[in-house]
>>> print(open('protein26.pdb').read())   # PDB, C-alpha atoms and all ligand atoms
ATOM      1  CA  MET A   1      81.170  88.535 136.305
ATOM      2  CA  ALA A   2      82.700  87.861 132.929
ATOM      3  CA  LYS A   3      85.769  89.091 131.187
ATOM      4  CA  LEU A   4      84.991  90.363 127.697
ATOM      5  CA  GLU A   5      87.088  90.194 124.538
ATOM      6  CA  ILE A   6      88.660  93.514 123.508
ATOM      7  CA  LEU A   7      88.580  94.267 119.771
ATOM      8  CA  GLU A   8      91.883  95.288 118.212
ATOM      9  CA  ILE A   9      92.811  97.408 115.200
ATOM     10  CA  PRO A  10      92.136  96.900 112.243
ATOM     11  CA  ASP A  11      88.817  95.315 113.300
ATOM     12  CA  PRO A  12      86.147  97.333 111.425
ATOM     13  CA  ARG A  13      83.726  96.982 114.358
ATOM     14  CA  LEU A  14      85.878  99.549 116.207
ATOM     15  CA  ARG A  15      84.566 102.085 113.667
ATOM     16  CA  THR A  16      80.911 101.633 114.670
ATOM     17  CA  VAL A  17      79.036 104.694 115.959
ATOM     18  CA  ALA A  18      77.308 103.761 119.256
ATOM     19  CA  LYS A  19      73.604 104.428 119.985
ATOM     20  CA  PRO A  20      72.314 106.070 123.178
ATOM     21  CA  VAL A  21      71.544 103.829 126.151
ATOM     22  CA  GLU A  22      67.781 103.765 126.677
ATOM     23  CA  ALA A  23      67.180 100.857 129.063
ATOM     24  CA  PHE A  24      68.558 101.341 132.570
ATOM     25  CA  ASP A  25      67.987  97.716 133.534
ATOM     26  CA  ASP A  26      69.778  94.692 135.012
ATOM     27  CA  GLY A  27      71.395  93.964 131.656
ATOM     28  CA  LEU A  28      73.057  97.378 131.778
ATOM     29  CA  LEU A  29      74.308  96.761 135.346
ATOM     30  CA  GLN A  30      75.804  93.434 134.230
ATOM     31  CA  LEU A  31      77.503  95.094 131.249
ATOM     32  CA  ILE A  32      79.009  97.788 133.519
ATOM     33  CA  GLU A  33      80.344  95.079 135.862
ATOM     34  CA  ASP A  34      81.812  93.060 133.006
ATOM     35  CA  MET A  35      83.390  96.116 131.362
ATOM     36  CA  THR A  36      84.918  97.223 134.680
ATOM     37  CA  GLU A  37      86.381  93.756 135.289
ATOM     38  CA  THR A  38      87.711  93.632 131.720
ATOM     39  CA  MET A  39      89.333  97.070 132.111
ATOM     40  CA  TYR A  40      91.101  96.081 135.362
ATOM     41  CA  GLU A  41      92.275  92.733 133.968
ATOM     42  CA  ALA A  42      93.705  94.443 130.889
ATOM     43  CA  GLN A  43      95.388  97.060 133.135
ATOM     44  CA  GLY A  44      93.636  99.872 131.323
ATOM     45  CA  ILE A  45      92.493 103.150 132.871
ATOM     46  CA  GLY A  46      89.375 103.256 130.713
ATOM     47  CA  LEU A  47      87.212 101.140 128.431
ATOM     48  CA  ALA A  48      84.460 102.099 125.992
ATOM     49  CA  ALA A  49      81.597  99.710 125.141
ATOM     50  CA  THR A  50      82.659  99.851 121.475
ATOM     51  CA  GLN A  51      85.900  98.055 122.398
ATOM     52  CA  VAL A  52      83.948  95.038 123.659
ATOM     53  CA  ASN A  53      81.671  95.069 120.599
ATOM     54  CA  VAL A  54      78.689  96.640 122.387
ATOM     55  CA  HIS A  55      77.588  99.658 120.376
ATOM     56  CA  LYS A  56      75.960 101.699 123.123
ATOM     57  CA  ARG A  57      77.063 105.051 124.528
ATOM     58  CA  LEU A  58      78.740 104.068 127.771
ATOM     59  CA  LEU A  59      82.263 103.909 129.109
ATOM     60  CA  VAL A  60      84.018 102.992 132.327
ATOM     61  CA  LEU A  61      87.209 104.486 133.691
ATOM     62  CA  ASP A  62      89.411 104.489 136.770
ATOM     63  CA  VAL A  63      92.263 106.982 136.780
ATOM     64  CA  SER A  64      92.995 106.545 140.510
ATOM     65  CA  GLU A  65      96.447 105.338 141.529
ATOM     66  CA  ALA A  66      95.087 102.494 143.648
ATOM     67  CA  GLN A  67      92.660 101.468 140.863
ATOM     68  CA  ASP A  68      89.866 101.465 143.407
ATOM     69  CA  GLN A  69      87.608 104.225 142.046
ATOM     70  CA  PRO A  70      85.670 102.774 139.110
ATOM     71  CA  ARG A  71      83.393 105.248 137.337
ATOM     72  CA  VAL A  72      80.756 104.863 134.670
ATOM     73  CA  TYR A  73      79.535 107.480 132.175
ATOM     74  CA  ILE A  74      76.353 106.710 130.257
ATOM     75  CA  ASN A  75      75.290 108.869 127.288
ATOM     76  CA  PRO A  76      78.152 111.311 127.975
ATOM     77  CA  GLU A  77      78.190 114.771 126.395
ATOM     78  CA  ILE A  78      80.907 117.401 126.574
ATOM     79  CA  LEU A  79      79.296 120.748 127.404
ATOM     80  CA  GLU A  80      82.390 122.960 127.541
ATOM     81  CA  THR A  81      86.115 122.731 126.950
ATOM     82  CA  GLU A  82      89.054 124.897 127.969
ATOM     83  CA  GLY A  83      92.698 124.949 126.838
ATOM     84  CA  ARG A  84      94.793 122.330 125.067
ATOM     85  CA  GLU A  85      97.228 119.806 126.464
ATOM     86  CA  THR A  86      99.348 117.076 124.926
ATOM     87  CA  CYS A  87      99.638 113.665 126.558
ATOM     88  CA  GLU A  88     101.209 110.369 125.521
ATOM     89  CA  GLU A  89      98.353 107.963 124.869
ATOM     90  CA  GLY A  90      97.985 104.245 124.429
ATOM     91  CA  CYS A  91      94.938 102.105 123.716
ATOM     92  CA  LEU A  92      93.947  98.542 124.540
ATOM     93  CA  SER A  93      92.637  98.282 120.956
ATOM     94  CA  VAL A  94      95.967  99.465 119.486
ATOM     95  CA  PRO A  95      98.411  97.318 121.504
ATOM     96  CA  GLY A  96     102.044  98.319 121.783
ATOM     97  CA  ILE A  97     101.593 101.781 120.206
ATOM     98  CA  TYR A  98     102.076 105.019 122.147
ATOM     99  CA  ALA A  99     101.870 108.534 120.735
ATOM    100  CA  GLU A 100     101.328 112.138 121.786
ATOM    101  CA  VAL A 101      97.816 113.450 121.268
ATOM    102  CA  SER A 102      96.580 116.999 121.877
ATOM    103  CA  ARG A 103      93.137 117.397 123.469
ATOM    104  CA  ALA A 104      91.148 119.866 125.563
ATOM    105  CA  GLU A 105      92.807 120.397 128.939
ATOM    106  CA  LYS A 106      89.606 120.877 130.942
ATOM    107  CA  ILE A 107      86.129 119.660 130.089
ATOM    108  CA  THR A 108      82.659 119.922 131.548
ATOM    109  CA  VAL A 109      80.821 116.662 130.979
ATOM    110  CA  LYS A 110      77.193 115.732 131.450
ATOM    111  CA  ALA A 111      76.284 112.045 131.681
ATOM    112  CA  GLN A 112      73.970 109.557 133.325
ATOM    113  CA  ASN A 113      74.591 107.147 136.200
ATOM    114  CA  ALA A 114      73.658 103.458 136.115
ATOM    115  CA  ASP A 115      70.221 104.374 137.551
ATOM    116  CA  GLY A 116      69.572 106.891 134.775
ATOM    117  CA  SER A 117      70.067 110.006 136.921
ATOM    118  CA  PHE A 118      72.010 112.865 135.332
ATOM    119  CA  PHE A 119      75.194 114.446 136.688
ATOM    120  CA  GLU A 120      77.642 117.123 135.589
ATOM    121  CA  GLU A 121      81.369 117.228 136.306
ATOM    122  CA  GLU A 122      84.406 119.340 135.539
ATOM    123  CA  LEU A 123      87.437 117.232 134.707
ATOM    124  CA  ASP A 124      91.113 117.907 134.070
ATOM    125  CA  GLY A 125      94.402 116.001 133.975
ATOM    126  CA  MET A 126      94.348 112.285 133.136
ATOM    127  CA  HIS A 127      90.622 112.098 133.906
ATOM    128  CA  ALA A 128      89.875 114.586 131.101
ATOM    129  CA  VAL A 129      92.294 112.878 128.686
ATOM    130  CA  CYS A 130      90.812 109.448 129.324
ATOM    131  CA  LEU A 131      87.200 110.584 129.045
ATOM    132  CA  GLN A 132      87.858 112.250 125.678
ATOM    133  CA  HIS A 133      89.745 109.131 124.471
ATOM    134  CA  GLU A 134      86.802 106.893 125.492
ATOM    135  CA  MET A 135      84.192 109.215 123.974
ATOM    136  CA  ASP A 136      86.101 109.023 120.687
ATOM    137  CA  HIS A 137      85.716 105.216 120.746
ATOM    138  CA  LEU A 138      81.927 105.700 120.962
ATOM    139  CA  VAL A 139      81.976 107.451 117.576
ATOM    140  CA  GLY A 140      84.403 104.975 116.011
ATOM    141  CA  LYS A 141      87.506 107.122 116.422
ATOM    142  CA  LEU A 142      90.939 105.919 117.578
ATOM    143  CA  PHE A 143      93.829 108.007 118.936
ATOM    144  CA  VAL A 144      96.014 107.077 115.951
ATOM    145  CA  ASP A 145      93.525 108.968 113.733
ATOM    146  CA  TYR A 146      95.008 112.218 115.110
ATOM    147  CA  LEU A 147      98.562 111.439 113.991
ATOM    148  CA  SER A 148     100.248 112.902 110.926
ATOM    149  CA  PRO A 149     100.196 110.691 107.788
ATOM    150  CA  LEU A 150     103.903 109.894 108.317
ATOM    151  CA  LYS A 151     103.387 108.804 111.929
ATOM    152  CA  ARG A 152     100.320 106.800 110.955
ATOM    153  CA  ARG A 153     102.355 104.914 108.359
ATOM    154  CA  MET A 154     104.936 104.129 111.043
ATOM    155  CA  VAL A 155     102.175 102.836 113.327
ATOM    156  CA  THR A 156     100.706 100.650 110.553
ATOM    157  CA  LYS A 157     104.156  99.175 109.847
ATOM    158  CA  LYS A 158     104.770  98.472 113.520
ATOM    159  CA  LEU A 159     101.379  96.783 113.865
ATOM    160  CA  GLU A 160     102.055  94.620 110.787
ATOM    161  CA  LYS A 161     105.428  93.622 112.203
ATOM    162  CA  GLN A 162     103.901  92.781 115.607
ATOM    163  CA  ARG A 163     101.365  90.544 113.912
ATOM    164  CA  LYS A 164     104.053  88.698 111.940
ATOM    165  CA  VAL A 165     106.042  87.808 115.059
ATOM    166  CA  SER A 166     103.980  84.746 115.867
ATOM    167  CA  GLY A 167     103.285  83.907 119.479
ATOM    168  CA  GLN A 168     104.583  87.252 120.676
ATOM    169  CA  LYS A 169     101.922  89.331 122.368
ATOM    170  CA  PRO A 170     102.565  93.050 122.412
ATOM    171  CA  ALA A 171     102.805  94.951 125.687
ATOM    172  CA  LYS A 172      99.408  95.496 127.283
ATOM    173  CA  ALA A 173     100.165  97.731 130.240
ATOM    174  CA  LEU A 174      99.007 101.140 129.086
ATOM    175  CA  LEU A 175      99.248 103.251 132.216
TER     176      LEU A 175
HETATM  177  O1  LIG A 201      94.742 102.221 129.459
HETATM  178  C1  LIG A 201      94.712 103.249 128.795
HETATM  179  N1  LIG A 201      95.613 104.232 129.032
HETATM  180  C2  LIG A 201      95.556 105.475 128.444
HETATM  181  C3  LIG A 201      96.683 106.281 128.549
HETATM  182  C4  LIG A 201      96.685 107.548 127.983
HETATM  183  C5  LIG A 201      95.566 108.023 127.351
HETATM  184  C6  LIG A 201      94.442 107.222 127.225
HETATM  185  C7  LIG A 201      94.436 105.959 127.776
HETATM  186  S1  LIG A 201      93.017 104.965 127.658
HETATM  187  C8  LIG A 201      93.727 103.381 127.690
HETATM  188  C9  LIG A 201      92.640 102.303 127.733
HETATM  189  C10 LIG A 201      91.836 102.356 126.465
HETATM  190  O2  LIG A 201      92.219 101.982 125.404
HETATM  191  N2  LIG A 201      90.665 102.916 126.552
HETATM  192  O3  LIG A 201      89.907 103.055 125.449
HETATM  193 NI    NI A 202      91.273 103.160 123.781
END
>>> encode(input="protein26.pdb", output="structure tokens", more="lines below")
Ligand code: GNR
Ligand code: NI
Amino acid sequence: MAKLEILEIPDPRLRTVAKPVEAFDDGLLQLIEDMTETMYEAQGIGLAATQVNVHKRLLVLDVSEAQDQPRVYINPEILETEGRETCEEGCLSVPGIYAEVSRAEKITVKAQNADGSFFEEELDGMHAVCLQHEMDHLVGKLFVDYLSPLKRRMVTKKLEKQRKVSGQKPAKALL
């Protein structure tokens, strides 16, 4: 097991578009383990491979209260969406920033398991929010991209300020 480094804005590598996973091998199992450990240590509810500088289409998430139900989605695709809902989001790659984002309320997702087998699921609530947030990472998109120009400027200023305050790490608990 190894904890991986999480890239933070404005790192340009966060803008990389990930490629499909093709090899369902031991290397993939190790990556899933490492990403899951990294997510739990960072107190996140999800983590996309892009955030740990691996540009493959996979993500892990655990939206359970006890943080004991890790899930992995490989080569995820959204087949159907229904409704809209707004939720306050945060991101391990955009530390200390929280903002309301509107997304589909319910989604039907198709993805692969670690062994390559396909599954389909209907998701809603935080599970749907998190999956859409992680899938955005896989195409180089961050939640702050959805904000109005004014709000984005405020976010940029706050991030600059955070970086100037030397030795002070921004809040990392994003639940
Ligand atoms: O830990 C996280 N919490 C969160 C809260 C609301 C909406 C999305 C998220 S995902 C985030 C972890 C993360 O950055 N995943 O990419
Ligand atoms: Ni994120």
>>> closest_atom_pairs(input="protein26.pdb", of="chain A", to="ligand NI 202 (chain A)", cutoff="9 Å", atoms="all atoms listed in the file", output="CSV")
residue,atom,partner,partner_atom,distance
A:Gly44,CA,A:NI202,NI,8.6
A:Gly46,CA,A:NI202,NI,7.2
A:Leu47,CA,A:NI202,NI,6.5
A:Ala48,CA,A:NI202,NI,7.2
A:Gln51,CA,A:NI202,NI,7.5
A:Glu89,CA,A:NI202,NI,8.6
A:Gly90,CA,A:NI202,NI,6.8
A:Cys91,CA,A:NI202,NI,3.8
A:Leu92,CA,A:NI202,NI,5.4
A:Ser93,CA,A:NI202,NI,5.8
A:Val94,CA,A:NI202,NI,7.4
A:Cys130,CA,A:NI202,NI,8.4
A:His133,CA,A:NI202,NI,6.2
A:Glu134,CA,A:NI202,NI,6.1
A:Asp136,CA,A:NI202,NI,8.4
A:His137,CA,A:NI202,NI,6.7
A:Leu142,CA,A:NI202,NI,6.8
A:Phe143,CA,A:NI202,NI,7.3
>>> residues_around(input="protein26.pdb", residues="Thr86 in chain A", least_positions_apart="3", cutoff="8 Å", atoms="all atoms listed in the file", output="PyMOL selection string")
chain A and resi 100-103
>>> write_last_selection(input="protein26.pdb", atoms="C-alpha atoms", output="short mmCIF file (atom, residue, chain, number, x, y, z; two decimals), in the coordinates of the input")
data_model
loop_
_atom_site.label_atom_id
_atom_site.label_comp_id
_atom_site.auth_asym_id
_atom_site.auth_seq_id
_atom_site.Cartn_x
_atom_site.Cartn_y
_atom_site.Cartn_z
CA GLU A 100 101.33 112.14 121.79
CA VAL A 101 97.82 113.45 121.27
CA SER A 102 96.58 117.00 121.88
CA ARG A 103 93.14 117.40 123.47
#
>>> closest_residue(input="protein26.pdb", among="A:Val54, A:Cys87, A:Leu28, A:Leu159", to="Arg15 in chain A", atoms="only C-alpha atoms")
A:Val54
>>> resolve_selection(input="protein26.pdb", expression="the PyMOL selection byres (((chain A and resi 58-75) around 7) and not hetatm)", output="list in words")
Pro20, Val21, Met35, Thr36, Ile45, Gly46, Leu47, Ala48, Ala49, Lys56, Arg57, Pro76, Glu77, Ala111, Gln112, Asn113, Met126, His127 and Glu134 of chain A
>>> write_last_selection(input="protein26.pdb", atoms="C-alpha atoms", output="mmCIF file, in the frame of the given file")
data_model
loop_
_atom_site.group_PDB
_atom_site.id
_atom_site.type_symbol
_atom_site.label_atom_id
_atom_site.label_comp_id
_atom_site.auth_asym_id
_atom_site.auth_seq_id
_atom_site.Cartn_x
_atom_site.Cartn_y
_atom_site.Cartn_z
ATOM 1 C CA PRO A 20 72.314 106.070 123.178
ATOM 2 C CA VAL A 21 71.544 103.829 126.151
ATOM 3 C CA MET A 35 83.390 96.116 131.362
ATOM 4 C CA THR A 36 84.918 97.223 134.680
ATOM 5 C CA ILE A 45 92.493 103.150 132.871
ATOM 6 C CA GLY A 46 89.375 103.256 130.713
ATOM 7 C CA LEU A 47 87.212 101.140 128.431
ATOM 8 C CA ALA A 48 84.460 102.099 125.992
ATOM 9 C CA ALA A 49 81.597 99.710 125.141
ATOM 10 C CA LYS A 56 75.960 101.699 123.123
ATOM 11 C CA ARG A 57 77.063 105.051 124.528
ATOM 12 C CA PRO A 76 78.152 111.311 127.975
ATOM 13 C CA GLU A 77 78.190 114.771 126.395
ATOM 14 C CA ALA A 111 76.284 112.045 131.681
ATOM 15 C CA GLN A 112 73.970 109.557 133.325
ATOM 16 C CA ASN A 113 74.591 107.147 136.200
ATOM 17 C CA MET A 126 94.348 112.285 133.136
ATOM 18 C CA HIS A 127 90.622 112.098 133.906
ATOM 19 C CA GLU A 134 86.802 106.893 125.492
#
>>> residues_around(input="protein26.pdb", residues="Leu123 in chain A", least_positions_apart="2", cutoff="10 Å", atoms="only C-alpha atoms", output="list in words")
Thr81, Glu105, Lys106, Ile107, Thr108, Val109, Glu120, Glu121, Gly125, Met126, His127, Ala128, Val129 and Leu131 of chain A
>>> write_last_selection(input="protein26.pdb", atoms="C-alpha atoms", output="PDB file, in the coordinates of the input")
ATOM      1  CA  THR A  81      86.115 122.731 126.950  1.00  0.00           C
ATOM      2  CA  GLU A 105      92.807 120.397 128.939  1.00  0.00           C
ATOM      3  CA  LYS A 106      89.606 120.877 130.942  1.00  0.00           C
ATOM      4  CA  ILE A 107      86.129 119.660 130.089  1.00  0.00           C
ATOM      5  CA  THR A 108      82.659 119.922 131.548  1.00  0.00           C
ATOM      6  CA  VAL A 109      80.821 116.662 130.979  1.00  0.00           C
ATOM      7  CA  GLU A 120      77.642 117.123 135.589  1.00  0.00           C
ATOM      8  CA  GLU A 121      81.369 117.228 136.306  1.00  0.00           C
ATOM      9  CA  GLY A 125      94.402 116.001 133.975  1.00  0.00           C
ATOM     10  CA  MET A 126      94.348 112.285 133.136  1.00  0.00           C
ATOM     11  CA  HIS A 127      90.622 112.098 133.906  1.00  0.00           C
ATOM     12  CA  ALA A 128      89.875 114.586 131.101  1.00  0.00           C
ATOM     13  CA  VAL A 129      92.294 112.878 128.686  1.00  0.00           C
ATOM     14  CA  LEU A 131      87.200 110.584 129.045  1.00  0.00           C
TER      15      LEU A 131
END
>>> atom_distance(input="protein26.pdb", atom1="CA of Asp34 in chain A", atom2="CA of Glu5 in chain A")
10.4 Å
>>> atom_distance(input="protein26.pdb", atom1="CA of Lys110 in chain A", atom2="CA of Met135 in chain A")
12.1 Å
>>> axis_aligned_box(input="protein26.pdb", around="ligand LIG 201 (chain A)", padding_each_side="8 Å", output="AutoDock Vina command-line options")
--center_x 93.3 --center_y 105.0 --center_z 127.4 --size_x 22.8 --size_y 22.0 --size_z 20.1
>>> atom_distance(input="protein26.pdb", atom1="CA of Glu41 in chain A", atom2="atom C8 of ligand LIG 201 (chain A)")
12.4 Å
>>> closest_residue(input="protein26.pdb", among="A:Ile6, A:Ile78, A:Ala18, A:Leu31", to="ligand LIG 201 (chain A)", atoms="all atoms listed in the file")
A:Ile6
>>> resolve_selection(input="protein26.pdb", expression="the PyMOL selection byres (((chain A and resi 1) around 7) and not hetatm)", output="ChimeraX atom specification")
/A:2-3,33-34
>>> closest_residue(input="protein26.pdb", among="A:Val139, A:Ala42, A:Ala23, A:Val17", to="ligand LIG 201 (chain A)", atoms="all atoms listed in the file")
A:Ala42
>>> closest_residue(input="protein26.pdb", among="A:Lys158, A:Leu79, A:Glu85, A:Pro149", to="Glu122 in chain A", atoms="all atoms listed in the file")
A:Leu79
>>> closest_residue(input="protein26.pdb", among="A:Lys19, A:Arg153, A:Arg163, A:Lys141", to="ligand LIG 201 (chain A)", atoms="all atoms listed in the file")
A:Lys141
>>> resolve_selection(input="protein26.pdb", expression="the PyMOL selection byres (((chain A and resi 83) around 6) and not hetatm)", output="PyMOL selection string")
chain A and resi 82+84+104-105
>>> closest_residue(input="protein26.pdb", among="A:Leu147, A:Leu29, A:Leu14, A:Val165", to="ligand LIG 201 (chain A)", atoms="only C-alpha atoms and all ligand atoms")
A:Leu14
